[in-house]
>>> print(open('model-v4.txt').read())   # compact mmCIF, C-alpha atoms and all ligand atoms
# COMPACT_ATOMS: atom_id res chain seq x y z
CA MET L 1 0.00 0.00 0.00
CA ALA L 2 1.10 3.58 -0.61
CA LYS L 3 2.64 5.29 2.38
CA ALA L 4 2.34 8.74 3.91
CA VAL L 5 4.91 10.06 6.34
CA LEU L 6 3.44 12.19 9.12
CA ALA L 7 5.12 14.59 11.55
CA PHE L 8 3.64 13.10 14.72
CA SER L 9 3.50 14.57 18.23
CA GLY L 10 0.95 12.18 19.68
CA GLY L 11 -1.46 15.04 20.43
CA LEU L 12 -5.09 15.24 19.33
CA ASP L 13 -4.42 16.75 15.89
CA THR L 14 -1.82 14.28 14.70
CA THR L 15 -3.74 11.37 16.26
CA VAL L 16 -6.81 12.25 14.19
CA VAL L 17 -4.61 12.64 11.11
CA VAL L 18 -3.25 9.07 11.41
CA LYS L 19 -6.79 7.69 11.39
CA TYR L 20 -7.89 10.01 8.64
CA LEU L 21 -5.03 9.06 6.32
CA GLN L 22 -5.72 5.38 6.92
CA ASP L 23 -9.49 5.48 6.62
CA GLU L 24 -10.20 8.22 4.09
CA HIS L 25 -7.07 7.97 1.93
CA GLY L 26 -6.41 4.27 2.31
CA LEU L 27 -2.75 4.97 3.10
CA ASP L 28 -0.25 3.26 5.33
CA VAL L 29 1.05 5.79 7.82
CA VAL L 30 4.64 6.18 8.96
CA THR L 31 4.97 8.47 11.98
CA VAL L 32 8.00 10.61 12.78
CA THR L 33 8.62 12.32 16.11
CA VAL L 34 11.54 14.71 16.17
CA ASP L 35 13.12 15.49 19.52
CA VAL L 36 13.93 19.21 19.51
CA GLY L 37 14.00 19.31 23.29
CA GLN L 38 10.26 19.28 23.96
CA GLY L 39 10.85 16.73 26.70
CA GLU L 40 8.14 14.26 25.68
CA ASP L 41 7.87 10.70 26.85
CA TYR L 42 9.01 9.37 23.47
CA GLU L 43 8.24 5.78 24.37
CA ALA L 44 4.65 6.76 25.12
CA VAL L 45 4.46 8.54 21.75
CA ARG L 46 5.80 5.42 20.02
CA GLU L 47 3.16 3.37 21.82
CA LYS L 48 0.41 5.76 20.69
CA SER L 49 1.58 5.43 17.11
CA ARG L 50 1.62 1.65 17.36
CA ALA L 51 -1.86 1.60 18.90
CA LEU L 52 -3.15 3.73 16.01
CA GLY L 53 -1.86 1.14 13.57
CA ALA L 54 1.00 3.10 12.03
CA VAL L 55 3.23 0.79 9.98
CA SER L 56 6.38 2.22 11.52
CA HIS L 57 7.50 4.94 13.87
CA HIS L 58 10.74 6.93 13.97
CA THR L 59 12.01 8.92 16.94
CA ILE L 60 14.82 11.21 15.87
CA ASP L 61 16.99 13.06 18.37
CA ALA L 62 17.73 16.32 16.56
CA ARG L 63 18.58 18.48 19.57
CA ARG L 64 22.20 19.09 18.65
CA GLU L 65 21.33 19.77 15.04
CA PHE L 66 18.58 22.14 16.21
CA VAL L 67 21.06 24.14 18.25
CA LEU L 68 23.91 24.20 15.74
CA GLY L 69 21.88 24.69 12.57
CA TYR L 70 18.95 26.80 13.74
CA ILE L 71 19.35 28.30 17.23
CA HIS L 72 22.94 29.45 16.71
CA PRO L 73 22.07 31.30 13.50
CA ALA L 74 19.14 32.86 15.41
CA ILE L 75 21.47 34.05 18.18
CA MET L 76 23.87 35.49 15.60
CA ALA L 77 20.88 37.28 14.07
CA ASN L 78 19.56 38.51 17.47
CA ALA L 79 16.38 37.08 16.05
CA LEU L 80 13.21 38.49 17.58
CA TYR L 81 10.10 38.63 15.39
CA GLN L 82 8.38 41.97 15.87
CA GLY L 83 11.02 42.76 18.44
CA LYS L 84 9.75 40.18 20.92
CA TYR L 85 9.38 36.56 19.81
CA CYS L 86 12.51 34.41 19.74
CA LEU L 87 11.04 32.11 17.05
CA ALA L 88 11.22 28.87 19.05
CA THR L 89 8.41 27.19 17.11
CA ALA L 90 9.31 28.84 13.82
CA LEU L 91 12.89 27.53 13.95
CA ALA L 92 11.92 23.97 14.79
CA ARG L 93 9.43 23.46 11.96
CA PRO L 94 11.87 23.45 9.02
CA LEU L 95 14.08 20.97 10.88
CA ILE L 96 11.15 18.67 11.69
CA ALA L 97 10.07 18.89 8.05
CA ARG L 98 13.59 18.01 6.91
CA LYS L 99 13.57 14.90 9.09
CA VAL L 100 10.16 13.88 7.77
CA LEU L 101 11.55 14.26 4.24
CA GLU L 102 14.54 12.05 5.08
CA VAL L 103 12.23 9.33 6.36
CA ALA L 104 9.96 9.74 3.33
CA ARG L 105 12.92 9.17 1.02
CA ALA L 106 14.13 6.15 2.97
CA GLU L 107 10.65 4.64 3.11
CA GLY L 108 9.72 5.39 -0.50
CA ALA L 109 6.65 7.32 0.62
CA SER L 110 4.15 8.81 -1.79
CA ALA L 111 2.84 11.63 0.42
CA LEU L 112 3.84 13.92 3.28
CA ALA L 113 1.47 14.91 6.06
CA HIS L 114 1.10 17.27 9.00
CA GLY L 115 -1.56 18.02 11.59
CA CYS L 116 -1.55 21.82 11.44
CA SER L 117 -4.70 23.86 11.30
CA GLY L 118 -5.39 26.49 8.66
CA LYS L 119 -5.25 29.31 11.19
CA GLY L 120 -1.64 29.20 12.23
CA ASN L 121 1.86 29.76 10.97
CA ASP L 122 2.97 26.17 11.27
CA GLN L 123 1.02 24.97 8.22
CA VAL L 124 2.92 27.56 6.18
CA ARG L 125 6.27 26.48 7.60
CA PHE L 126 5.63 22.78 7.02
CA ASP L 127 4.17 23.22 3.56
CA LEU L 128 6.97 25.49 2.37
CA ALA L 129 9.69 23.26 3.83
CA PHE L 130 8.11 20.19 2.23
CA MET L 131 7.72 22.00 -1.10
CA SER L 132 11.36 23.08 -1.03
CA GLY L 133 12.59 19.56 -0.43
CA SER L 134 10.37 17.38 -2.62
CA ASP L 135 7.53 17.23 -5.11
CA LEU L 136 5.43 14.83 -3.05
CA PRO L 137 1.82 15.82 -2.35
CA ILE L 138 1.10 17.29 1.09
CA LEU L 139 -1.88 16.11 3.11
CA ALA L 140 -3.16 18.37 5.89
CA PRO L 141 -6.57 16.98 6.87
CA ILE L 142 -7.19 19.23 9.90
CA ARG L 143 -6.91 22.27 7.67
CA ASP L 144 -8.35 20.81 4.53
CA LYS L 145 -11.45 19.39 6.25
CA ASN L 146 -11.80 22.54 8.36
CA LEU L 147 -11.82 20.49 11.58
CA ASP L 148 -12.07 22.27 14.91
CA ARG L 149 -11.36 20.64 18.27
CA PRO L 150 -14.92 19.37 18.93
CA ALA L 151 -15.03 17.89 15.42
CA GLU L 152 -11.67 16.19 15.99
CA ILE L 153 -12.82 14.71 19.30
CA LYS L 154 -15.98 13.46 17.61
CA TYR L 155 -14.00 11.97 14.71
CA ALA L 156 -11.67 10.22 17.14
CA ALA L 157 -14.56 8.79 19.15
CA GLU L 158 -16.34 7.56 16.02
CA HIS L 159 -13.18 5.80 14.92
CA GLY L 160 -12.56 4.12 18.21
CA VAL L 161 -9.53 6.22 19.13
CA GLU L 162 -9.03 7.21 22.72
CA VAL L 163 -7.87 10.76 23.26
CA GLU L 164 -6.83 11.70 26.73
CA ASN L 165 -6.58 15.10 28.29
CA VAL L 166 -8.82 16.91 25.84
CA ALA L 167 -9.73 19.55 28.41
CA LYS L 168 -6.29 21.14 28.57
CA ARG L 169 -6.16 24.71 29.81
CA PHE L 170 -3.69 25.85 27.17
CA SER L 171 -2.26 24.82 23.84
CA ILE L 172 1.48 24.42 24.24
CA ASP L 173 4.36 24.06 21.85
CA GLN L 174 7.78 23.77 23.38
CA ASN L 175 11.36 22.97 22.54
CA LEU L 176 14.85 23.87 23.72
CA TRP L 177 14.53 27.47 22.61
CA GLY L 178 11.20 28.27 24.21
CA ARG L 179 7.68 27.47 25.21
CA ALA L 180 4.65 28.98 23.46
CA ILE L 181 1.43 29.10 25.46
CA GLU L 182 -1.80 29.84 23.62
CA GLY L 183 -5.53 29.46 23.91
CA GLY L 184 -7.93 29.22 26.84
CA VAL L 185 -8.14 32.34 28.98
CA LEU L 186 -5.17 33.83 27.08
CA GLU L 187 -7.39 34.43 24.07
CA ASP L 188 -8.67 37.54 25.86
CA PRO L 189 -5.75 39.91 25.33
CA PHE L 190 -6.62 41.86 28.49
CA THR L 191 -6.44 38.80 30.75
CA GLU L 192 -3.17 38.44 32.61
CA PRO L 193 -1.64 34.97 32.14
CA PRO L 194 -2.34 32.92 35.25
CA SER L 195 0.79 31.68 36.97
CA ASP L 196 0.05 28.04 36.11
CA ALA L 197 0.67 28.93 32.46
CA PHE L 198 4.37 28.97 33.27
CA ILE L 199 6.56 26.05 34.16
CA TRP L 200 10.06 27.29 33.32
CA THR L 201 9.81 30.76 34.80
CA ARG L 202 9.25 31.59 38.43
CA THR L 203 6.51 34.19 38.82
CA GLU L 204 6.15 34.18 42.60
CA ASP L 205 8.59 34.25 45.53
CA LEU L 206 11.41 35.48 43.35
CA PRO L 207 14.87 35.42 44.89
CA HIS L 208 15.56 38.52 46.94
CA ASN L 209 19.17 38.91 45.85
CA PRO L 210 20.18 39.55 42.25
CA THR L 211 21.39 36.64 40.15
CA TYR L 212 24.44 37.27 37.97
CA LEU L 213 25.40 35.33 34.87
CA ASP L 214 28.58 35.80 32.85
CA ILE L 215 28.00 34.54 29.32
CA THR L 216 31.02 34.00 27.08
CA PHE L 217 30.67 34.02 23.30
CA ARG L 218 33.14 32.84 20.70
CA GLY L 219 32.48 33.73 17.07
CA GLY L 220 28.93 34.84 17.91
CA VAL L 221 27.83 31.72 19.77
CA PRO L 222 27.72 31.01 23.50
CA VAL L 223 30.42 28.67 24.78
CA ALA L 224 30.59 29.19 28.55
CA VAL L 225 28.63 30.43 31.53
CA ASP L 226 30.40 31.81 34.59
CA GLY L 227 33.69 30.65 33.11
CA GLN L 228 32.51 27.07 32.73
CA GLU L 229 32.64 25.72 29.15
CA MET L 230 29.48 23.82 28.20
CA GLY L 231 28.20 21.97 25.15
CA PRO L 232 25.77 23.76 22.82
CA VAL L 233 22.67 21.99 24.10
CA ASP L 234 23.67 22.12 27.77
CA ILE L 235 24.32 25.82 27.77
CA ILE L 236 20.75 26.53 26.66
CA LEU L 237 19.29 24.12 29.20
CA HIS L 238 21.43 25.71 31.90
CA LEU L 239 20.31 29.23 31.02
CA ASN L 240 16.65 28.22 30.79
CA ARG L 241 16.99 26.87 34.31
CA THR L 242 18.98 29.64 35.98
CA ALA L 243 17.31 32.61 34.30
CA GLY L 244 13.87 31.00 34.66
CA GLU L 245 14.54 30.53 38.37
CA ALA L 246 15.33 34.26 38.56
CA GLY L 247 11.96 35.01 36.95
CA VAL L 248 13.39 36.10 33.60
CA GLY L 249 11.96 35.05 30.25
CA ILE L 250 8.24 35.79 29.98
CA VAL L 251 7.08 37.53 26.82
CA ASP L 252 3.47 38.57 26.24
CA HIS L 253 2.57 40.39 23.04
CA ILE L 254 0.22 40.77 20.10
CA GLU L 255 1.71 39.09 17.06
CA ASP L 256 0.91 39.34 13.37
CA ARG L 257 0.60 35.85 11.95
CA THR L 258 1.50 35.00 8.38
CA VAL L 259 -2.14 34.25 7.56
CA GLY L 260 -3.43 37.73 8.39
CA LEU L 261 -4.69 37.12 11.91
CA LYS L 262 -3.42 38.94 14.95
CA SER L 263 -2.89 36.70 17.93
CA ARG L 264 -2.09 37.14 21.59
CA GLU L 265 1.04 35.15 22.28
CA VAL L 266 2.60 34.25 25.58
CA TYR L 267 6.07 32.72 25.72
CA GLU L 268 8.59 31.71 28.29
CA THR L 269 12.04 31.75 26.84
CA PRO L 270 14.57 32.45 29.61
CA GLY L 271 17.65 31.23 27.76
CA ALA L 272 16.74 33.03 24.56
CA VAL L 273 16.04 36.32 26.35
CA CYS L 274 19.44 36.20 28.08
CA LEU L 275 21.41 35.07 25.05
CA ILE L 276 19.97 37.62 22.65
CA GLU L 277 20.30 40.43 25.21
CA ALA L 278 23.93 39.51 25.83
CA HIS L 279 24.85 38.79 22.21
CA SER L 280 23.42 42.03 20.84
CA ASP L 281 25.19 43.99 23.55
CA LEU L 282 28.53 42.40 22.74
CA GLU L 283 28.05 43.16 19.05
CA LYS L 284 27.67 46.84 19.82
CA MET L 285 31.11 46.77 21.38
CA VAL L 286 32.90 45.03 18.52
CA HIS L 287 31.10 46.22 15.39
CA THR L 288 31.60 49.60 13.77
CA ILE L 289 28.74 52.09 13.64
CA HIS L 290 28.22 51.16 9.99
CA GLN L 291 28.14 47.43 10.59
CA SER L 292 25.70 47.88 13.46
CA ARG L 293 23.25 49.89 11.40
CA VAL L 294 23.08 47.53 8.44
CA LYS L 295 23.19 44.41 10.59
CA ALA L 296 20.14 45.55 12.58
CA ALA L 297 18.18 45.74 9.34
CA MET L 298 19.46 42.33 8.20
CA ASP L 299 18.62 40.82 11.58
CA ALA L 300 15.03 42.03 11.41
CA GLU L 301 14.65 40.64 7.89
CA TRP L 302 16.17 37.29 8.89
CA ALA L 303 13.64 36.99 11.74
CA ARG L 304 10.78 38.02 9.48
CA LEU L 305 11.60 35.46 6.79
CA THR L 306 12.04 32.71 9.38
CA TYR L 307 8.73 33.53 11.03
CA LEU L 308 6.92 33.63 7.70
CA GLY L 309 8.01 30.10 6.81
CA LEU L 310 10.63 31.22 4.31
CA TRP L 311 13.55 29.38 5.91
CA ASP L 312 14.52 27.88 2.55
CA GLU L 313 14.17 31.16 0.67
CA PRO L 314 17.48 32.10 -0.99
CA LEU L 315 17.31 35.57 0.56
CA ARG L 316 17.33 34.01 4.03
CA ARG L 317 20.51 32.15 3.13
CA ASP L 318 22.07 35.29 1.64
CA ILE L 319 21.35 37.24 4.81
CA ASP L 320 22.64 34.33 6.84
CA ALA L 321 25.94 34.50 4.99
CA PHE L 322 26.20 38.22 5.70
CA ILE L 323 25.47 37.65 9.37
CA ARG L 324 27.95 34.78 9.74
CA ASN L 325 30.63 36.88 8.14
CA SER L 326 30.11 39.51 10.82
CA GLN L 327 30.51 37.13 13.75
CA GLY L 328 34.26 36.48 13.77
CA VAL L 329 34.83 39.37 16.16
CA VAL L 330 31.84 38.62 18.38
CA SER L 331 33.88 37.00 21.13
CA GLY L 332 33.94 38.10 24.72
CA THR L 333 31.99 38.00 27.95
CA VAL L 334 28.80 39.78 28.97
CA ARG L 335 27.60 40.03 32.54
CA LEU L 336 23.84 39.93 33.15
CA ARG L 337 22.10 40.91 36.34
CA MET L 338 18.65 39.52 36.99
CA GLN L 339 16.30 40.72 39.66
CA GLY L 340 12.53 40.86 40.05
CA GLY L 341 12.10 39.12 36.71
CA ALA L 342 14.04 41.81 34.83
CA VAL L 343 17.38 41.33 33.14
CA ARG L 344 20.00 43.97 32.44
CA VAL L 345 23.48 43.92 31.01
CA VAL L 346 25.86 45.32 33.60
CA GLY L 347 29.23 44.55 32.05
CA ARG L 348 30.95 43.45 28.86
CA ARG L 349 34.50 42.87 27.66
CA SER L 350 36.12 41.66 24.46
CA ASP L 351 39.56 41.41 22.89
CA HIS L 352 37.91 42.84 19.77
CA SER L 353 36.42 45.80 21.59
CA LEU L 354 36.32 49.06 19.64
CA TYR L 355 35.52 50.94 22.81
CA ASP L 356 38.59 52.95 23.77
CA GLN L 357 38.43 53.88 27.41
CA ARG L 358 41.55 56.06 27.18
CA SER L 359 39.94 58.22 24.58
CA ALA L 360 36.36 58.17 25.98
CA THR L 361 37.30 59.09 29.55
CA TYR L 362 36.27 62.44 31.03
CA GLY L 363 39.26 62.15 33.32
CA GLN L 364 42.44 64.16 32.82
CA ASP L 365 44.56 61.74 30.82
CA SER L 366 42.27 61.49 27.79
CA THR L 367 44.02 60.89 24.49
CA TYR L 368 41.17 62.66 22.70
CA ASP L 369 41.91 66.25 21.82
CA GLN L 370 38.54 68.02 22.09
CA ARG L 371 39.71 70.92 19.99
CA ARG L 372 39.70 68.75 16.88
CA ALA L 373 35.92 68.25 17.26
CA SER L 374 34.80 71.78 16.47
CA GLY L 375 35.91 71.68 12.83
CA PHE L 376 34.19 68.35 12.43
CA VAL L 377 30.93 69.59 13.92
CA GLU L 378 30.94 72.61 11.64
CA LEU L 379 31.28 70.50 8.49
CA TRP L 380 28.95 67.77 9.78
CA GLY L 381 26.09 70.22 10.23
CA ALA L 382 26.85 72.51 7.28
CA GLN L 383 23.97 71.42 5.03
CA SER L 384 21.37 71.41 7.79
CA ALA L 385 22.45 74.80 9.02
CA GLU L 386 22.31 76.20 5.47
CA ALA L 387 18.80 74.78 4.89
CA ASN L 388 17.54 76.38 8.07
CA ARG L 389 19.26 79.68 7.26
CA ILE L 390 17.29 79.82 3.99
CA LEU L 391 14.06 78.97 5.80
CA ARG L 392 14.61 81.70 8.37
CA LYS L 393 15.25 84.17 5.62
CA ALA L 394 12.07 83.22 3.74
CA GLU L 395 10.04 83.52 6.92
CA ALA L 396 11.48 86.92 7.69
CA GLU L 397 10.56 88.19 4.20
CA GLN L 398 6.89 87.15 4.49
N1 LIG L 401 2.98 32.07 17.47
C1 LIG L 401 4.12 31.21 17.52
C2 LIG L 401 4.58 30.89 16.13
O1 LIG L 401 3.86 31.03 15.19
C3 LIG L 401 3.88 29.98 18.36
C4 LIG L 401 3.04 28.94 17.73
C5 LIG L 401 2.82 27.80 18.62
N2 LIG L 401 2.42 26.68 17.81
C6 LIG L 401 1.57 25.78 18.18
N3 LIG L 401 1.32 24.81 17.36
N4 LIG L 401 0.93 25.84 19.33
O2 LIG L 401 5.70 30.51 15.93
>>> encode(input="model-v4.txt", output="structure tokens")
Amino acid sequence: MAKAVLAFSGGLDTTVVVKYLQDEHGLDVVTVTVDVGQGEDYEAVREKSRALGAVSHHTIDARREFVLGYIHPAIMANALYQGKYCLATALARPLIARKVLEVARAEGASALAHGCSGKGNDQVRFDLAFMSGSDLPILAPIRDKNLDRPAEIKYAAEHGVEVENVAKRFSIDQNLWGRAIEGGVLEDPFTEPPSDAFIWTRTEDLPHNPTYLDITFRGGVPVAVDGQEMGPVDIILHLNRTAGEAGVGIVDHIEDRTVGLKSREVYETPGAVCLIEAHSDLEKMVHTIHQSRVKAAMDAEWARLTYLGLWDEPLRRDIDAFIRNSQGVVSGTVRLRMQGGAVRVVGRRSDHSLYDQRSATYGQDSTYDQRRASGFVELWGAQSAEANRILRKAEAEQ
């Protein structure tokens, strides 16, 4: 029988999709669960797949690849969509899709499938990643049959599939880089997220004393915390834990989805908040004024393309090359201070620093001769001063 390969989480959506592909399309279903640090019980997911009658199941540990190939580029790009969202979900989707494609090739599949709805960004990310990597048809029954949650629960019941925990308070997507919390009471944008929405970030009884973290970067990526070298995955886990414990990492904003909707999004991303804060600060010390200006524009575009599902767009790769080229000098250490859930950079140093204390000092041994500035200022403002001189003259003649 022809096979479809499905990105499978074991949740309600992908459970319904397995049944749907079997019953309505007459396909054998191969399920793929990609570990991007969501911390599932992967054996339980395998068991769910088996119970649904999938012909095979693949669990793929892609955590290291996720960090090296997706999170590190995001750190180098200081990537925050609309200035706030660290793209945790958006970065994971193209990697999950790539793994599904690998399995599809190995299994000789004739279709690719996902369980995304037609309202979100993830359908766009999966579809575009699938389309970039193969010509196989894409099946997305939740979207294409316009199924909502009650309809899914009904479909599951009618097909003899047990779905547990259907009355969840929130819809969650999480991985190493962050946790997205949606739905339920959060759909009212004026309702404050209840504290049980958060599991990584402390919201009550915060430590009285400040927490300090020294983050060391080499070539734009984090390599050590408080002088201790750590592997790429461990460093993120460590920061999620320590910054989360200090109450840092909650983001709550209104986001513009790819499909035209606005949505209220709540995230907890302690590691990402710290790393991007520290990395962007270090860049300001080592990049020239010109590099900083253009890079900020490139960074914003990189985040936008990634959010919009255009990970495989050539422009994203072009911008990526520009960004990587700028990271050689981004080495050094940034000190963060966290208190009351807020984080602030309180120190930075780098061998590549362009900050010259001897010239910047207001003390008496400055190497900067102030007298040289006046000629500069005169020339710098010459055009503006002339324009205003003409305006004043015209006004006086009226
Ligand atoms: N708004 C975020 C994004 O589009 C988070 C989405 C969470 N996804 C989910 N399936 N619950 O990247």
>>> residues_near_point(input="model-v4.txt", point="(-8.4, 19.6, 10.3)", cutoff="12 Å", atoms="only C-alpha atoms", output="VMD selection string")
chain L and resid 12 to 18 20 to 21 113 to 120 123 139 to 153 155
>>> residues_around(input="model-v4.txt", residues="Arg241 of chain L", least_positions_apart="5", cutoff="10 Å", atoms="only C-alpha atoms", output="PyMOL selection string")
chain L and resi 200-202+235-236+246-248+270-271
>>> write_last_selection(input="model-v4.txt", atoms="C-alpha atoms", output="PDB file, in the frame of the given file")
ATOM      1  CA  TRP L 200      10.060  27.290  33.320  1.00  0.00           C
ATOM      2  CA  THR L 201       9.810  30.760  34.800  1.00  0.00           C
ATOM      3  CA  ARG L 202       9.250  31.590  38.430  1.00  0.00           C
ATOM      4  CA  ILE L 235      24.320  25.820  27.770  1.00  0.00           C
ATOM      5  CA  ILE L 236      20.750  26.530  26.660  1.00  0.00           C
ATOM      6  CA  ALA L 246      15.330  34.260  38.560  1.00  0.00           C
ATOM      7  CA  GLY L 247      11.960  35.010  36.950  1.00  0.00           C
ATOM      8  CA  VAL L 248      13.390  36.100  33.600  1.00  0.00           C
ATOM      9  CA  PRO L 270      14.570  32.450  29.610  1.00  0.00           C
ATOM     10  CA  GLY L 271      17.650  31.230  27.760  1.00  0.00           C
TER      11      GLY L 271
END
>>> closest_residue(input="model-v4.txt", among="L:Val100, L:Met285, L:Ala90, L:Ala224", to="ligand LIG 401 (chain L)", atoms="all atoms listed in the file")
L:Ala90
>>> closest_residue(input="model-v4.txt", among="L:His57, L:His208, L:Arg304, L:His290", to="ligand LIG 401 (chain L)", atoms="all atoms listed in the file")
L:Arg304
>>> residues_near_ligand(input="model-v4.txt", ligand="ligand LIG 401 (chain L)", cutoff="9 Å", atoms="only C-alpha atoms and all ligand atoms", output="PyMOL selection string")
chain L and resi 85-91+93+116-117+120-122+171-174+179-183+255-258+263-267+307-308
>>> closest_residue(input="model-v4.txt", among="L:Gly332, L:Gly39, L:Pro73, L:Gly341", to="Asn175 of chain L", atoms="all atoms listed in the file")
L:Gly39
